[in-house]
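Note sheet for the following structure.
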Amino acid sequence: MKRKLLIDIAKSLLFARWKQTLVAAIGVTFSITMFITLLSFMSGLNDLLDGLILNRTPHIKLFNDIKPNKNQPVKLTTEFGSAHHFIESIKSDANRQSIYNSEAILASLKKDKRVLGFSPKLTAQIFFNDGSIDITGAMNGIDPIEESRLFHFNDYVTVGNSADLTKISNSIILGKGLAGKLLVNLGDVVQVTTSKGERFQLKVVGLFQSGIRDFDDVQSYASVSTVQKILSQPSNYISAIQVKLNDITLAPKMAKEYEQLYQIDAEDVQTANSQFETGSSIRTLISYSVGITLLIVAGFGIYNILNMMIFEKMDSIAILKATGFSGTDVKNIFIYIAISIGIFGGLVGLLFGFGLSATIDQIPFNTASLPTIKTYPINYNPKFYVIGIVFSFITTYFAGWFPARKASKIDPVVIIRGK
């Protein structure tokens with residue numbers, strides 16, 4: 001009963017100065033609206049950038065790296081074996097780039113329950129013949145079905161379909177920039193020359209656009225079998241295995257495990273993209289910092305309004321205390337006022353934040369470098385809304401607690417005697 005009475009008194013004080021109350025609520029609403037919109041947009045932008053890189057990057061890449069042999073002849077001699085060696089201009093060892101025993105490795109990965117899927121890959125350096133001009137390029141041999149399932153390859157094929165690589169023999173998908181240099185389109189035939197001087201004719205079945213211009217100017221894709229044929233290699237010849245895991249956080253640990261198990265080089269996605277992940281973390285941190293700053297500014301507004309309200313309501317506070325209300329009761333009244341402003345402004349801010357985010361999500365965003373993006377990116381993560389309302393409650397509570405504490409210490413005798 002007493003709490004209901006305190007709430008009724010708080011309600012009366014709120015509506016007695018409804019203009020100031022509305023200003024405070026609008027401040028909270030604006031802060032929450034911008035907090036939600038900013039986080040949703042920045043998080044959506046991070047997801048977009050992550051998608052450009054991480055969605056097409058294997059969680060673990062297995063390959064044979066080109067590097068000098070650590071065991072040089074001078075180390076094997078009895079005379080100089082224990083000495084410190086200064087060796088320059090070392091040539092790489094004679095090991096081939098292809099993965100040894102690739103079929104057994106693929107079979108082992110297929111049984112590993114931690115692995116979502118894998119895709120073999122083979123890369124060849126070639127020249128595209130354009131009359132008397134040879135354009136340097138790279139041809140990637142892939143399994144188009146697995147590449148699309150695991151790394152969204154088909155999403156970046158703007159003309160044609162990646163599945164045609166397996167259906168049509170001697171076919172190729174060109175980067176859009178490379179196709180522009182060669183002046184070819186769907187259905188045309190291009191001629192390529194390998195580093196050994198052998199020439200092949202391939203039919204263009206698609207155009208690829210990654211959003212990275214330098215990449216699209218040199219890259220092309222064909223099936224693994226087509227690239228093996230061009231390089232005159234057997235069917236088990238592959239230079240890399242791209243592995244995607246069910247849990248990306250296991251990548252560093254599993255990369256080391258695969259290195260020891262298969263005696264092969266392994267690179268995890270965290271190592272390959274450490275700088276990119278740092279950029280995403282910094283952008284997220286800035287978004288939270290700006291949003292929380294807005295809420296704190298709104299809290300100062302509530303603090304000032306409650307201070308003014310206490311100053312103007314000294315007589316009312318004195319009468320309340322003279323009629324039996326304790327200092328705690330008076331403090332609770334003003335805390336109720338602050339929390340009411342915070343909750344009302346916060347809930348309205350959540351609605352406005354969602355509405356503004358949805359509006360931004362419908363704004364067209366068309367750029368040649370990002371063919372799969374049609375509108376501005378927005379992330380509707382419920383976590384942002386929970387964080388927003390919680391911070392709204394905490395900020396307004398403390399904004400009301402200090403003035404309420406001041407009001408609870410008012411001596412009614414001094415106020416009445418002064419009047």
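Convention: chains lettered A, B, ... in structure tokens order; per-chain residue numbering from 1; ligands numbered from 1 as shown.
Shell of Ser98 (chain A) at 10 Å, with only C-alpha atoms counted and residues fewer than 2 places along the chain excluded, is Phe63, Asn64, Asp65, Asn95, Arg96, Tyr100, Asn101, Ser102, Leu122, Asn236, Tyr237, Ile238, Ser239 and Ala240 of chain A.
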Generate a file of the selected residues that holds N, CA and C atoms, formatted as a PDB file, in the first residue's frame.
ATOM      1  N   PHE A  63      48.566 -27.176 -47.275  1.00  0.00           N
ATOM      2  CA  PHE A  63      49.360 -26.979 -48.491  1.00  0.00           C
ATOM      3  C   PHE A  63      50.818 -27.297 -48.197  1.00  0.00           C
ATOM      4  N   ASN A  64      51.599 -27.380 -49.252  1.00  0.00           N
ATOM      5  CA  ASN A  64      53.053 -27.536 -49.140  1.00  0.00           C
ATOM      6  C   ASN A  64      53.694 -26.192 -49.451  1.00  0.00           C
ATOM      7  N   ASP A  65      54.253 -25.563 -48.443  1.00  0.00           N
ATOM      8  CA  ASP A  65      54.854 -24.245 -48.640  1.00  0.00           C
ATOM      9  C   ASP A  65      56.208 -24.387 -49.328  1.00  0.00           C
ATOM     10  N   ASN A  95      61.165 -30.460 -53.188  1.00  0.00           N
ATOM     11  CA  ASN A  95      59.852 -31.040 -52.943  1.00  0.00           C
ATOM     12  C   ASN A  95      58.813 -30.402 -53.858  1.00  0.00           C
ATOM     13  N   ARG A  96      57.878 -31.187 -54.317  1.00  0.00           N
ATOM     14  CA  ARG A  96      56.841 -30.675 -55.206  1.00  0.00           C
ATOM     15  C   ARG A  96      55.791 -29.893 -54.406  1.00  0.00           C
ATOM     16  N   TYR A 100      51.173 -34.619 -50.883  1.00  0.00           N
ATOM     17  CA  TYR A 100      51.410 -36.057 -50.891  1.00  0.00           C
ATOM     18  C   TYR A 100      50.206 -36.786 -50.306  1.00  0.00           C
ATOM     19  N   ASN A 101      49.874 -37.928 -50.924  1.00  0.00           N
ATOM     20  CA  ASN A 101      48.826 -38.792 -50.382  1.00  0.00           C
ATOM     21  C   ASN A 101      47.518 -38.018 -50.156  1.00  0.00           C
ATOM     22  N   SER A 102      47.158 -37.194 -51.134  1.00  0.00           N
ATOM     23  CA  SER A 102      45.985 -36.327 -50.967  1.00  0.00           C
ATOM     24  C   SER A 102      44.694 -37.100 -50.801  1.00  0.00           C
ATOM     25  N   LEU A 122      43.615 -26.245 -56.843  1.00  0.00           N
ATOM     26  CA  LEU A 122      44.842 -26.351 -57.622  1.00  0.00           C
ATOM     27  C   LEU A 122      45.026 -25.037 -58.362  1.00  0.00           C
ATOM     28  N   ASN A 236      45.078 -37.162 -58.980  1.00  0.00           N
ATOM     29  CA  ASN A 236      45.267 -36.942 -57.540  1.00  0.00           C
ATOM     30  C   ASN A 236      46.171 -35.746 -57.243  1.00  0.00           C
ATOM     31  N   TYR A 237      46.474 -34.964 -58.263  1.00  0.00           N
ATOM     32  CA  TYR A 237      47.374 -33.810 -58.112  1.00  0.00           C
ATOM     33  C   TYR A 237      46.568 -32.589 -57.677  1.00  0.00           C
ATOM     34  N   ILE A 238      46.754 -32.146 -56.443  1.00  0.00           N
ATOM     35  CA  ILE A 238      46.151 -30.910 -55.932  1.00  0.00           C
ATOM     36  C   ILE A 238      47.199 -30.189 -55.089  1.00  0.00           C
ATOM     37  N   SER A 239      47.103 -28.857 -55.039  1.00  0.00           N
ATOM     38  CA  SER A 239      48.116 -28.079 -54.324  1.00  0.00           C
ATOM     39  C   SER A 239      47.621 -27.556 -52.977  1.00  0.00           C
ATOM     40  N   ALA A 240      46.317 -27.644 -52.717  1.00  0.00           N
ATOM     41  CA  ALA A 240      45.782 -27.167 -51.442  1.00  0.00           C
ATOM     42  C   ALA A 240      44.461 -27.849 -51.141  1.00  0.00           C
TER      43      ALA A 240
END
Excluding same-chain residues fewer than 6 positions from Thr293 (chain A), what lies within 12 Å of it counting only C-alpha atoms, as a PDB file with C-alpha atoms, in the first residue's frame?
ATOM      1  CA  VAL A  28      16.686   9.176 -23.481  1.00  0.00           C
ATOM      2  CA  SER A  31      20.092   8.320 -27.171  1.00  0.00           C
ATOM      3  CA  ILE A  32      18.607   4.820 -27.370  1.00  0.00           C
ATOM      4  CA  MET A  34      20.984   6.368 -32.068  1.00  0.00           C
ATOM      5  CA  PHE A  35      22.562   3.662 -29.917  1.00  0.00           C
ATOM      6  CA  ILE A 286      33.962   2.655 -31.221  1.00  0.00           C
ATOM      7  CA  SER A 287      30.251   1.989 -31.816  1.00  0.00           C
ATOM      8  CA  GLY A 299      21.521  10.846 -17.861  1.00  0.00           C
ATOM      9  CA  PHE A 300      22.991  14.272 -17.117  1.00  0.00           C
ATOM     10  CA  PHE A 391      21.958   0.787 -19.998  1.00  0.00           C
ATOM     11  CA  SER A 392      18.950   3.093 -20.178  1.00  0.00           C
ATOM     12  CA  THR A 395      21.943   5.447 -16.468  1.00  0.00           C
TER      13      THR A 395
END
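Take CA of Leu245 (chain A) and CA of Leu116 (chain A): the distance between them is 4.8 Å.
Remark: for Gly177 (chain A), the closest of the candidate residues A:Phe215, A:Phe151, A:Phe200, A:Phe127 is A:Phe215 (distances computed over only C-alpha atoms).
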